[in-house]
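Student: Take a look at coords16.pdb, PDB, C-alpha atoms:
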ATOM      1  CA  MET A 105      76.217 -31.384  18.502  1.00  0.00           C
ATOM      2  CA  LYS A 106      73.218 -30.771  20.697  1.00  0.00           C
ATOM      3  CA  LYS A 107      73.038 -27.823  23.066  1.00  0.00           C
ATOM      4  CA  LEU A 108      72.949 -28.612  26.755  1.00  0.00           C
ATOM      5  CA  ALA A 109      72.567 -26.598  29.943  1.00  0.00           C
ATOM      6  CA  ILE A 110      74.265 -28.104  32.991  1.00  0.00           C
ATOM      7  CA  VAL A 111      73.671 -26.809  36.486  1.00  0.00           C
ATOM      8  CA  ILE A 112      77.063 -27.266  38.133  1.00  0.00           C
ATOM      9  CA  ASN A 113      77.474 -27.249  41.884  1.00  0.00           C
ATOM     10  CA  GLY A 114      79.956 -28.169  44.565  1.00  0.00           C
ATOM     11  CA  ALA A 115      81.470 -26.738  47.707  1.00  0.00           C
ATOM     12  CA  GLY A 116      83.743 -23.720  47.397  1.00  0.00           C
ATOM     13  CA  GLY A 117      87.200 -24.581  46.127  1.00  0.00           C
ATOM     14  CA  VAL A 118      86.472 -27.940  44.459  1.00  0.00           C
ATOM     15  CA  GLY A 119      87.394 -26.612  41.020  1.00  0.00           C
ATOM     16  CA  LYS A 120      84.089 -25.842  39.325  1.00  0.00           C
ATOM     17  CA  ASP A 121      85.395 -22.821  37.418  1.00  0.00           C
ATOM     18  CA  THR A 122      88.632 -24.616  36.518  1.00  0.00           C
ATOM     19  CA  LEU A 123      86.683 -27.563  35.115  1.00  0.00           C
ATOM     20  CA  CYS A 124      84.387 -25.249  33.145  1.00  0.00           C
ATOM     21  CA  ALA A 125      87.463 -23.556  31.662  1.00  0.00           C
ATOM     22  CA  MET A 126      88.873 -26.966  30.761  1.00  0.00           C
ATOM     23  CA  ALA A 127      85.616 -27.900  29.036  1.00  0.00           C
ATOM     24  CA  ALA A 128      85.846 -24.646  27.077  1.00  0.00           C
ATOM     25  CA  SER A 129      88.992 -25.961  25.395  1.00  0.00           C
ATOM     26  CA  ALA A 130      86.878 -28.651  23.689  1.00  0.00           C
ATOM     27  CA  PHE A 131      83.371 -27.145  23.544  1.00  0.00           C
ATOM     28  CA  ARG A 132      81.839 -23.725  22.985  1.00  0.00           C
ATOM     29  CA  VAL A 133      80.975 -22.864  26.589  1.00  0.00           C
ATOM     30  CA  LYS A 134      78.965 -20.109  28.204  1.00  0.00           C
ATOM     31  CA  ASN A 135      79.547 -20.007  31.960  1.00  0.00           C
ATOM     32  CA  ILE A 136      77.190 -18.103  34.296  1.00  0.00           C
ATOM     33  CA  SER A 137      76.217 -18.128  37.935  1.00  0.00           C
ATOM     34  CA  SER A 138      72.934 -17.300  39.605  1.00  0.00           C
ATOM     35  CA  ILE A 139      75.008 -15.245  42.024  1.00  0.00           C
ATOM     36  CA  ASP A 140      76.257 -12.914  39.218  1.00  0.00           C
ATOM     37  CA  PRO A 141      73.417 -10.378  39.532  1.00  0.00           C
ATOM     38  CA  ILE A 142      73.688 -10.602  43.319  1.00  0.00           C
ATOM     39  CA  LYS A 143      77.412  -9.803  43.147  1.00  0.00           C
ATOM     40  CA  ALA A 144      76.607  -6.747  41.051  1.00  0.00           C
ATOM     41  CA  ALA A 145      74.178  -5.548  43.734  1.00  0.00           C
ATOM     42  CA  ALA A 146      76.623  -6.453  46.533  1.00  0.00           C
ATOM     43  CA  LYS A 147      79.317  -4.229  45.022  1.00  0.00           C
ATOM     44  CA  GLY A 148      76.927  -1.323  45.427  1.00  0.00           C
ATOM     45  CA  LEU A 149      76.709  -2.233  49.109  1.00  0.00           C
ATOM     46  CA  GLY A 150      80.480  -2.260  49.622  1.00  0.00           C
ATOM     47  CA  TRP A 151      81.423  -5.875  48.859  1.00  0.00           C
ATOM     48  CA  CYS A 152      84.920  -5.874  47.364  1.00  0.00           C
ATOM     49  CA  GLY A 153      84.913  -9.297  45.679  1.00  0.00           C
ATOM     50  CA  GLY A 154      86.261 -11.368  48.563  1.00  0.00           C
ATOM     51  CA  LYS A 155      85.789 -15.124  48.907  1.00  0.00           C
ATOM     52  CA  GLU A 156      86.253 -15.522  52.636  1.00  0.00           C
ATOM     53  CA  ASP A 157      83.519 -17.206  54.704  1.00  0.00           C
ATOM     54  CA  LYS A 158      82.174 -13.764  55.712  1.00  0.00           C
ATOM     55  CA  ASP A 159      81.900 -12.745  52.029  1.00  0.00           C
ATOM     56  CA  ARG A 160      80.211 -16.010  51.104  1.00  0.00           C
ATOM     57  CA  LYS A 161      77.647 -15.567  53.875  1.00  0.00           C
ATOM     58  CA  PHE A 162      76.907 -11.987  52.795  1.00  0.00           C
ATOM     59  CA  LEU A 163      76.279 -13.075  49.192  1.00  0.00           C
ATOM     60  CA  SER A 164      74.222 -16.073  50.315  1.00  0.00           C
ATOM     61  CA  ASP A 165      72.041 -13.914  52.565  1.00  0.00           C
ATOM     62  CA  LEU A 166      71.595 -11.269  49.855  1.00  0.00           C
ATOM     63  CA  LYS A 167      70.629 -13.939  47.330  1.00  0.00           C
ATOM     64  CA  LYS A 168      68.088 -15.375  49.774  1.00  0.00           C
ATOM     65  CA  LEU A 169      66.494 -11.945  50.153  1.00  0.00           C
ATOM     66  CA  SER A 170      66.351 -11.543  46.362  1.00  0.00           C
ATOM     67  CA  VAL A 171      64.727 -14.965  45.980  1.00  0.00           C
ATOM     68  CA  GLU A 172      62.108 -14.106  48.594  1.00  0.00           C
ATOM     69  CA  TYR A 173      61.458 -10.664  47.117  1.00  0.00           C
ATOM     70  CA  ASN A 174      61.058 -11.444  43.402  1.00  0.00           C
ATOM     71  CA  ASN A 175      62.809 -14.727  42.515  1.00  0.00           C
ATOM     72  CA  TYR A 176      65.335 -12.673  40.552  1.00  0.00           C
ATOM     73  CA  PRO A 177      68.194 -15.216  40.408  1.00  0.00           C
ATOM     74  CA  THR A 178      65.970 -17.762  38.622  1.00  0.00           C
ATOM     75  CA  VAL A 179      64.349 -15.129  36.400  1.00  0.00           C
ATOM     76  CA  TRP A 180      67.816 -13.868  35.414  1.00  0.00           C
ATOM     77  CA  ALA A 181      69.235 -17.377  34.832  1.00  0.00           C
ATOM     78  CA  LYS A 182      66.214 -18.363  32.715  1.00  0.00           C
ATOM     79  CA  ALA A 183      66.728 -15.284  30.524  1.00  0.00           C
ATOM     80  CA  GLU A 184      70.382 -16.301  30.112  1.00  0.00           C
ATOM     81  CA  TYR A 185      69.258 -19.837  29.188  1.00  0.00           C
ATOM     82  CA  ASP A 186      66.815 -18.503  26.596  1.00  0.00           C
ATOM     83  CA  ALA A 187      69.620 -16.397  25.071  1.00  0.00           C
ATOM     84  CA  PHE A 188      71.942 -19.443  25.082  1.00  0.00           C
ATOM     85  CA  LEU A 189      69.442 -21.353  22.948  1.00  0.00           C
ATOM     86  CA  THR A 190      69.888 -18.761  20.183  1.00  0.00           C
ATOM     87  CA  GLU A 191      73.659 -18.288  20.570  1.00  0.00           C
ATOM     88  CA  ASP A 192      76.624 -20.178  19.136  1.00  0.00           C
ATOM     89  CA  TYR A 193      77.426 -22.251  22.239  1.00  0.00           C
ATOM     90  CA  ASP A 194      77.301 -26.000  22.897  1.00  0.00           C
ATOM     91  CA  LEU A 195      77.221 -25.907  26.692  1.00  0.00           C
ATOM     92  CA  LEU A 196      75.790 -23.568  29.254  1.00  0.00           C
ATOM     93  CA  PHE A 197      77.202 -24.085  32.735  1.00  0.00           C
ATOM     94  CA  VAL A 198      74.901 -22.527  35.322  1.00  0.00           C
ATOM     95  CA  HIS A 199      76.355 -22.338  38.822  1.00  0.00           C
ATOM     96  CA  ILE A 200      73.566 -22.630  41.404  1.00  0.00           C
ATOM     97  CA  ARG A 201      74.194 -23.648  45.020  1.00  0.00           C
ATOM     98  CA  GLU A 202      70.809 -24.116  46.672  1.00  0.00           C
ATOM     99  CA  GLY A 203      68.769 -27.251  45.969  1.00  0.00           C
ATOM    100  CA  GLY A 204      65.463 -25.388  45.793  1.00  0.00           C
ATOM    101  CA  GLU A 205      66.938 -22.898  43.331  1.00  0.00           C
ATOM    102  CA  ILE A 206      68.392 -25.701  41.206  1.00  0.00           C
ATOM    103  CA  LYS A 207      64.965 -27.320  41.049  1.00  0.00           C
ATOM    104  CA  LYS A 208      63.293 -24.039  40.031  1.00  0.00           C
ATOM    105  CA  PHE A 209      65.805 -23.444  37.243  1.00  0.00           C
ATOM    106  CA  VAL A 210      65.583 -27.001  35.885  1.00  0.00           C
ATOM    107  CA  GLU A 211      61.788 -26.725  35.853  1.00  0.00           C
ATOM    108  CA  ALA A 212      62.014 -23.303  34.139  1.00  0.00           C
ATOM    109  CA  THR A 213      63.927 -25.009  31.295  1.00  0.00           C
ATOM    110  CA  GLY A 214      61.162 -27.571  30.857  1.00  0.00           C
ATOM    111  CA  ASN A 215      63.402 -30.085  32.649  1.00  0.00           C
ATOM    112  CA  GLU A 216      65.938 -29.861  29.810  1.00  0.00           C
ATOM    113  CA  ALA A 217      68.829 -28.766  32.049  1.00  0.00           C
ATOM    114  CA  LYS A 218      70.898 -31.498  33.704  1.00  0.00           C
ATOM    115  CA  THR A 219      72.545 -31.248  37.107  1.00  0.00           C
ATOM    116  CA  LEU A 220      76.138 -32.036  38.098  1.00  0.00           C
ATOM    117  CA  LEU A 221      77.796 -32.080  41.510  1.00  0.00           C
ATOM    118  CA  ILE A 222      81.572 -31.668  41.668  1.00  0.00           C
ATOM    119  CA  ARG A 223      83.163 -33.255  44.691  1.00  0.00           C
ATOM    120  CA  GLY A 224      86.682 -32.422  45.777  1.00  0.00           C
ATOM    121  CA  GLY A 225      89.428 -34.986  45.828  1.00  0.00           C
ATOM    122  CA  SER A 226      92.800 -34.853  47.523  1.00  0.00           C
ATOM    123  CA  ARG A 227      93.398 -31.238  46.383  1.00  0.00           C
ATOM    124  CA  PHE A 228      90.288 -30.053  48.232  1.00  0.00           C
ATOM    125  CA  SER A 229      91.491 -28.178  51.296  1.00  0.00           C
ATOM    126  CA  HIS A 230      88.432 -26.708  53.033  1.00  0.00           C
ATOM    127  CA  VAL A 231      87.415 -28.627  56.143  1.00  0.00           C
ATOM    128  CA  GLY A 232      84.121 -28.123  57.968  1.00  0.00           C
ATOM    129  CA  ALA A 233      81.162 -25.874  57.338  1.00  0.00           C
ATOM    130  CA  TYR A 234      81.292 -22.540  55.540  1.00  0.00           C
ATOM    131  CA  GLY A 235      78.612 -21.056  57.793  1.00  0.00           C
ATOM    132  CA  ASN A 236      76.006 -20.324  55.134  1.00  0.00           C
ATOM    133  CA  ALA A 237      73.166 -22.375  53.710  1.00  0.00           C
ATOM    134  CA  SER A 238      74.282 -21.983  50.097  1.00  0.00           C
ATOM    135  CA  ASP A 239      77.680 -23.652  50.554  1.00  0.00           C
ATOM    136  CA  ASP A 240      76.818 -26.011  53.384  1.00  0.00           C
ATOM    137  CA  GLY A 241      73.854 -27.628  51.596  1.00  0.00           C
ATOM    138  CA  VAL A 242      75.367 -28.539  48.211  1.00  0.00           C
ATOM    139  CA  GLU A 243      74.980 -32.284  48.808  1.00  0.00           C
ATOM    140  CA  ASN A 244      71.241 -31.927  49.522  1.00  0.00           C
ATOM    141  CA  TYR A 245      69.998 -32.438  45.964  1.00  0.00           C
ATOM    142  CA  PRO A 246      69.577 -35.560  43.778  1.00  0.00           C
ATOM    143  CA  TYR A 247      71.952 -34.646  40.932  1.00  0.00           C
ATOM    144  CA  ASP A 248      71.878 -36.289  37.524  1.00  0.00           C
ATOM    145  CA  TYR A 249      75.673 -36.644  37.483  1.00  0.00           C
ATOM    146  CA  TYR A 250      78.566 -36.619  39.956  1.00  0.00           C
ATOM    147  CA  TYR A 251      82.239 -35.929  39.226  1.00  0.00           C
ATOM    148  CA  VAL A 252      85.105 -36.306  41.707  1.00  0.00           C
ATOM    149  CA  ASN A 253      87.831 -33.781  40.933  1.00  0.00           C
ATOM    150  CA  GLU A 254      90.847 -35.687  42.233  1.00  0.00           C
ATOM    151  CA  LYS A 255      93.239 -36.035  39.304  1.00  0.00           C
ATOM    152  CA  PRO A 256      96.275 -33.827  38.654  1.00  0.00           C
ATOM    153  CA  LEU A 257      95.176 -30.792  36.625  1.00  0.00           C
ATOM    154  CA  GLU A 258      96.493 -31.972  33.244  1.00  0.00           C
ATOM    155  CA  ASP A 259      94.792 -35.379  33.635  1.00  0.00           C
ATOM    156  CA  ALA A 260      91.624 -33.797  35.012  1.00  0.00           C
ATOM    157  CA  LYS A 261      91.244 -31.735  31.848  1.00  0.00           C
ATOM    158  CA  TRP A 262      90.961 -34.729  29.525  1.00  0.00           C
ATOM    159  CA  ASP A 263      89.005 -36.775  32.042  1.00  0.00           C
ATOM    160  CA  PHE A 264      86.424 -34.010  32.488  1.00  0.00           C
ATOM    161  CA  ILE A 265      86.142 -33.425  28.737  1.00  0.00           C
ATOM    162  CA  ALA A 266      85.460 -37.155  28.270  1.00  0.00           C
ATOM    163  CA  PHE A 267      82.934 -37.025  31.121  1.00  0.00           C
ATOM    164  CA  ILE A 268      81.071 -34.105  29.488  1.00  0.00           C
ATOM    165  CA  SER A 269      81.228 -35.862  26.104  1.00  0.00           C
ATOM    166  CA  ASP A 270      79.462 -38.851  27.656  1.00  0.00           C
ATOM    167  CA  ILE A 271      76.752 -36.594  29.087  1.00  0.00           C
ATOM    168  CA  LEU A 272      76.200 -35.076  25.647  1.00  0.00           C
ATOM    169  CA  LYS A 273      75.669 -38.591  24.256  1.00  0.00           C
ATOM    170  CA  ASP A 274      72.838 -39.322  26.751  1.00  0.00           C
TER     171      ASP A 274
END
Please express the file's structure as structure tokens.
Tutor:
Amino acid sequence: MKKLAIVINGAGGVGKDTLCAMAASAFRVKNISSIDPIKAAAKGLGWCGGKEDKDRKFLSDLKKLSVEYNNYPTVWAKAEYDAFLTEDYDLLFVHIREGGEIKKFVEATGNEAKTLLIRGGSRFSHVGAYGNASDDGVENYPYDYYYVNEKPLEDAKWDFIAFISDILKD
């Protein structure tokens, strides 16, 4: 099986992490987010791990500052990608929200990484804007693949695994 990095995106609450966990039942998966190093820094500033709109805005703003200062989220994600290429994984899911950051990461991989937008189905409960550019702009990128997460969880598992299998065949 070939190795593949997939940038996965979607609004908060559409099931990205759940789908990645489902994929891990069929593939050897490494799952990272470009916000991981930002969360580590945020904890030092008093962030307690919340996911409310206020928390999301804080992390988004802190990530933006890091991007402007030294492009650290992309540098970090590229190092994780390089490690993935030598590790015993089939798939690397890289969670990146901002279109410009997705583009930078894909280019850093020599355009090897693919992009996937998860859209929420009937289980998706958030209505309206989140109030930060990272969450509110997820649709503003021309993704390679789109997946609508609308099936009951047990059906979604097998549907998503089949979907990822098809991507691996491309």
Student: Can you give me, as a PDB file with C-alpha atoms, in the coordinates of the input, the residues this file yields under the PyMOL selection byres ((chain A and resi 144-154) around 12)?
Tutor:
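Below is the file part-v6.pdb, written as the result:
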ATOM      1  CA  SER A 137      76.217 -18.128  37.935  1.00  0.00           C
ATOM      2  CA  SER A 138      72.934 -17.300  39.605  1.00  0.00           C
ATOM      3  CA  ILE A 139      75.008 -15.245  42.024  1.00  0.00           C
ATOM      4  CA  ASP A 140      76.257 -12.914  39.218  1.00  0.00           C
ATOM      5  CA  PRO A 141      73.417 -10.378  39.532  1.00  0.00           C
ATOM      6  CA  ILE A 142      73.688 -10.602  43.319  1.00  0.00           C
ATOM      7  CA  LYS A 143      77.412  -9.803  43.147  1.00  0.00           C
ATOM      8  CA  LYS A 155      85.789 -15.124  48.907  1.00  0.00           C
ATOM      9  CA  GLU A 156      86.253 -15.522  52.636  1.00  0.00           C
ATOM     10  CA  ASP A 157      83.519 -17.206  54.704  1.00  0.00           C
ATOM     11  CA  LYS A 158      82.174 -13.764  55.712  1.00  0.00           C
ATOM     12  CA  ASP A 159      81.900 -12.745  52.029  1.00  0.00           C
ATOM     13  CA  ARG A 160      80.211 -16.010  51.104  1.00  0.00           C
ATOM     14  CA  LYS A 161      77.647 -15.567  53.875  1.00  0.00           C
ATOM     15  CA  PHE A 162      76.907 -11.987  52.795  1.00  0.00           C
ATOM     16  CA  LEU A 163      76.279 -13.075  49.192  1.00  0.00           C
ATOM     17  CA  SER A 164      74.222 -16.073  50.315  1.00  0.00           C
ATOM     18  CA  ASP A 165      72.041 -13.914  52.565  1.00  0.00           C
ATOM     19  CA  LEU A 166      71.595 -11.269  49.855  1.00  0.00           C
ATOM     20  CA  LYS A 167      70.629 -13.939  47.330  1.00  0.00           C
ATOM     21  CA  LEU A 169      66.494 -11.945  50.153  1.00  0.00           C
ATOM     22  CA  SER A 170      66.351 -11.543  46.362  1.00  0.00           C
ATOM     23  CA  TYR A 176      65.335 -12.673  40.552  1.00  0.00           C
ATOM     24  CA  PRO A 177      68.194 -15.216  40.408  1.00  0.00           C
TER      25      PRO A 177
END
Student: Neighbours of region 248-260 of chain A within 10 Å (all atoms listed in the file; same-chain residues fewer than 6 positions away dropped), as a list in words?
Tutor: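 The residues satisfying every condition are Ile110, Val111, Ile112, Asn113, Gly114, Val118, Gly119, Lys120, Thr122, Leu123, Met126, Ala217, Lys218, Thr219, Leu220, Leu221, Ile222, Arg223, Gly224, Gly225, Ser226, Arg227, Phe228, Ala266, Phe267, Ile268 and Ile271 of chain A.
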Student: Keeping only C-alpha atoms, write the selected residues as a PDB file, in the coordinates of the input.
Tutor:
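Output (out.pdb):
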ATOM      1  CA  ILE A 110      74.265 -28.104  32.991  1.00  0.00           C
ATOM      2  CA  VAL A 111      73.671 -26.809  36.486  1.00  0.00           C
ATOM      3  CA  ILE A 112      77.063 -27.266  38.133  1.00  0.00           C
ATOM      4  CA  ASN A 113      77.474 -27.249  41.884  1.00  0.00           C
ATOM      5  CA  GLY A 114      79.956 -28.169  44.565  1.00  0.00           C
ATOM      6  CA  VAL A 118      86.472 -27.940  44.459  1.00  0.00           C
ATOM      7  CA  GLY A 119      87.394 -26.612  41.020  1.00  0.00           C
ATOM      8  CA  LYS A 120      84.089 -25.842  39.325  1.00  0.00           C
ATOM      9  CA  THR A 122      88.632 -24.616  36.518  1.00  0.00           C
ATOM     10  CA  LEU A 123      86.683 -27.563  35.115  1.00  0.00           C
ATOM     11  CA  MET A 126      88.873 -26.966  30.761  1.00  0.00           C
ATOM     12  CA  ALA A 217      68.829 -28.766  32.049  1.00  0.00           C
ATOM     13  CA  LYS A 218      70.898 -31.498  33.704  1.00  0.00           C
ATOM     14  CA  THR A 219      72.545 -31.248  37.107  1.00  0.00           C
ATOM     15  CA  LEU A 220      76.138 -32.036  38.098  1.00  0.00           C
ATOM     16  CA  LEU A 221      77.796 -32.080  41.510  1.00  0.00           C
ATOM     17  CA  ILE A 222      81.572 -31.668  41.668  1.00  0.00           C
ATOM     18  CA  ARG A 223      83.163 -33.255  44.691  1.00  0.00           C
ATOM     19  CA  GLY A 224      86.682 -32.422  45.777  1.00  0.00           C
ATOM     20  CA  GLY A 225      89.428 -34.986  45.828  1.00  0.00           C
ATOM     21  CA  SER A 226      92.800 -34.853  47.523  1.00  0.00           C
ATOM     22  CA  ARG A 227      93.398 -31.238  46.383  1.00  0.00           C
ATOM     23  CA  PHE A 228      90.288 -30.053  48.232  1.00  0.00           C
ATOM     24  CA  ALA A 266      85.460 -37.155  28.270  1.00  0.00           C
ATOM     25  CA  PHE A 267      82.934 -37.025  31.121  1.00  0.00           C
ATOM     26  CA  ILE A 268      81.071 -34.105  29.488  1.00  0.00           C
ATOM     27  CA  ILE A 271      76.752 -36.594  29.087  1.00  0.00           C
TER      28      ILE A 271
END
Student: Report, in Å with one decimal, the straight-line distance from CA of Lys208 (chain A) to CA of Thr178 (chain A).
Tutor: 7.0 Å
Student: Which residue, A:Asp274, A:Asp263, A:Pro246, A:Lys207, has the smallest gap to Leu108 (chain A) when you use all atoms listed in the file?
Tutor: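 For Leu108 (chain A), the nearest of the given residues is A:Asp274.
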Student: Which of these residues is nearest to Arg201 (chain A), using only C-alpha atoms: A:Val242, A:Ser269, A:Cys124, A:Val133?
Tutor: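 Among the listed residues, the smallest separation from Arg201 (chain A) belongs to A:Val242.
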Student: Step by step, work through what the PyMOL selection byres ((chain A and resi 203) around 8) selects in the shown file, and finish by giving those residues as a list in words.
Tutor: Arg201, Glu202, Gly204, Glu205, Ile206, Lys207, Gly241, Val242, Asn244 and Tyr245 of chain A
Student: Determine the nearest neighbour of Glu216 (chain A) from the options A:Ile136, A:Ile200, A:Leu189, A:Ala183, counting all atoms listed in the file.
Tutor: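 When distances to Glu216 (chain A) are compared using all atoms listed in the file, the smallest one comes from A:Leu189.
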Student: Select, from A:Asp240, A:Glu191, A:Asp270, A:Glu211, the residue with the minimum atom-to-atom distance to Arg132 (chain A), counting all atoms listed in the file.
Tutor: A:Glu191
Student: CA of Ala212 (chain A) and CA of Asn174 (chain A) are how many Å apart?
Tutor: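 Taking CA of Ala212 (chain A) as the start and CA of Asn174 (chain A) as the end point, the length is 15.1 Å.
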Student: Tell me, in Å to one decimal, how far CA of Phe188 (chain A) is from CA of Lys134 (chain A).
Tutor: 7.7 Å
Student: Using all atoms listed in the file, which of A:Lys168, A:Gly214, A:Phe197, A:Asp186 sits nearest Ala109 (chain A)?
Tutor: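 So, comparing all the options, the nearest one is A:Phe197.
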Student: So which one's closest to Lys107 (chain A), A:Glu184, A:Asp121, A:Asp194, A:Glu172? Using all atoms listed in the file, please.
Tutor: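 Distance minimum relative to Lys107 (chain A) lands on A:Asp194.
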Student: Would you kindly place N, CA and C atoms on region 157-176 of chain A and return the model as a PDB file, in the coordinates of the input?
Tutor:
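Saved to rebuild.pdb:
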ATOM      1  N   ASP A 157      84.806 -16.716  54.194  1.00  0.00           N
ATOM      2  CA  ASP A 157      83.519 -17.206  54.704  1.00  0.00           C
ATOM      3  C   ASP A 157      82.538 -16.054  54.949  1.00  0.00           C
ATOM      4  N   LYS A 158      83.023 -14.922  55.460  1.00  0.00           N
ATOM      5  CA  LYS A 158      82.174 -13.764  55.712  1.00  0.00           C
ATOM      6  C   LYS A 158      81.569 -13.248  54.404  1.00  0.00           C
ATOM      7  N   ASP A 159      82.378 -13.193  53.340  1.00  0.00           N
ATOM      8  CA  ASP A 159      81.900 -12.745  52.029  1.00  0.00           C
ATOM      9  C   ASP A 159      80.854 -13.709  51.478  1.00  0.00           C
ATOM     10  N   ARG A 160      81.137 -14.989  51.600  1.00  0.00           N
ATOM     11  CA  ARG A 160      80.211 -16.010  51.104  1.00  0.00           C
ATOM     12  C   ARG A 160      78.866 -15.926  51.818  1.00  0.00           C
ATOM     13  N   LYS A 161      78.896 -15.684  53.127  1.00  0.00           N
ATOM     14  CA  LYS A 161      77.647 -15.567  53.875  1.00  0.00           C
ATOM     15  C   LYS A 161      76.865 -14.330  53.446  1.00  0.00           C
ATOM     16  N   PHE A 162      77.562 -13.215  53.244  1.00  0.00           N
ATOM     17  CA  PHE A 162      76.907 -11.987  52.795  1.00  0.00           C
ATOM     18  C   PHE A 162      76.194 -12.220  51.462  1.00  0.00           C
ATOM     19  N   LEU A 163      76.881 -12.811  50.495  1.00  0.00           N
ATOM     20  CA  LEU A 163      76.279 -13.075  49.192  1.00  0.00           C
ATOM     21  C   LEU A 163      75.120 -14.059  49.301  1.00  0.00           C
ATOM     22  N   SER A 164      75.288 -15.088  50.117  1.00  0.00           N
ATOM     23  CA  SER A 164      74.222 -16.073  50.315  1.00  0.00           C
ATOM     24  C   SER A 164      72.979 -15.421  50.910  1.00  0.00           C
ATOM     25  N   ASP A 165      73.179 -14.580  51.927  1.00  0.00           N
ATOM     26  CA  ASP A 165      72.041 -13.914  52.565  1.00  0.00           C
ATOM     27  C   ASP A 165      71.360 -12.934  51.606  1.00  0.00           C
ATOM     28  N   LEU A 166      72.149 -12.212  50.817  1.00  0.00           N
ATOM     29  CA  LEU A 166      71.595 -11.269  49.855  1.00  0.00           C
ATOM     30  C   LEU A 166      70.819 -12.002  48.759  1.00  0.00           C
ATOM     31  N   LYS A 167      71.334 -13.144  48.337  1.00  0.00           N
ATOM     32  CA  LYS A 167      70.629 -13.939  47.330  1.00  0.00           C
ATOM     33  C   LYS A 167      69.306 -14.435  47.897  1.00  0.00           C
ATOM     34  N   LYS A 168      69.319 -14.886  49.139  1.00  0.00           N
ATOM     35  CA  LYS A 168      68.088 -15.375  49.774  1.00  0.00           C
ATOM     36  C   LYS A 168      67.039 -14.272  49.806  1.00  0.00           C
ATOM     37  N   LEU A 169      67.433 -13.072  50.141  1.00  0.00           N
ATOM     38  CA  LEU A 169      66.494 -11.945  50.153  1.00  0.00           C
ATOM     39  C   LEU A 169      65.930 -11.687  48.752  1.00  0.00           C
ATOM     40  N   SER A 170      66.788 -11.759  47.741  1.00  0.00           N
ATOM     41  CA  SER A 170      66.351 -11.543  46.362  1.00  0.00           C
ATOM     42  C   SER A 170      65.369 -12.628  45.911  1.00  0.00           C
ATOM     43  N   VAL A 171      65.632 -13.856  46.308  1.00  0.00           N
ATOM     44  CA  VAL A 171      64.727 -14.965  45.980  1.00  0.00           C
ATOM     45  C   VAL A 171      63.367 -14.723  46.612  1.00  0.00           C
ATOM     46  N   GLU A 172      63.368 -14.341  47.893  1.00  0.00           N
ATOM     47  CA  GLU A 172      62.108 -14.106  48.594  1.00  0.00           C
ATOM     48  C   GLU A 172      61.354 -12.912  48.026  1.00  0.00           C
ATOM     49  N   TYR A 173      62.089 -11.893  47.595  1.00  0.00           N
ATOM     50  CA  TYR A 173      61.458 -10.664  47.117  1.00  0.00           C
ATOM     51  C   TYR A 173      60.826 -10.837  45.737  1.00  0.00           C
ATOM     52  N   ASN A 174      61.607 -11.347  44.758  1.00  0.00           N
ATOM     53  CA  ASN A 174      61.058 -11.444  43.402  1.00  0.00           C
ATOM     54  C   ASN A 174      61.630 -12.585  42.558  1.00  0.00           C
ATOM     55  N   ASN A 175      62.279 -13.556  43.213  1.00  0.00           N
ATOM     56  CA  ASN A 175      62.809 -14.727  42.515  1.00  0.00           C
ATOM     57  C   ASN A 175      63.814 -14.335  41.424  1.00  0.00           C
ATOM     58  N   TYR A 176      64.487 -13.209  41.610  1.00  0.00           N
ATOM     59  CA  TYR A 176      65.335 -12.673  40.552  1.00  0.00           C
ATOM     60  C   TYR A 176      66.439 -13.615  40.071  1.00  0.00           C
TER      61      TYR A 176
END
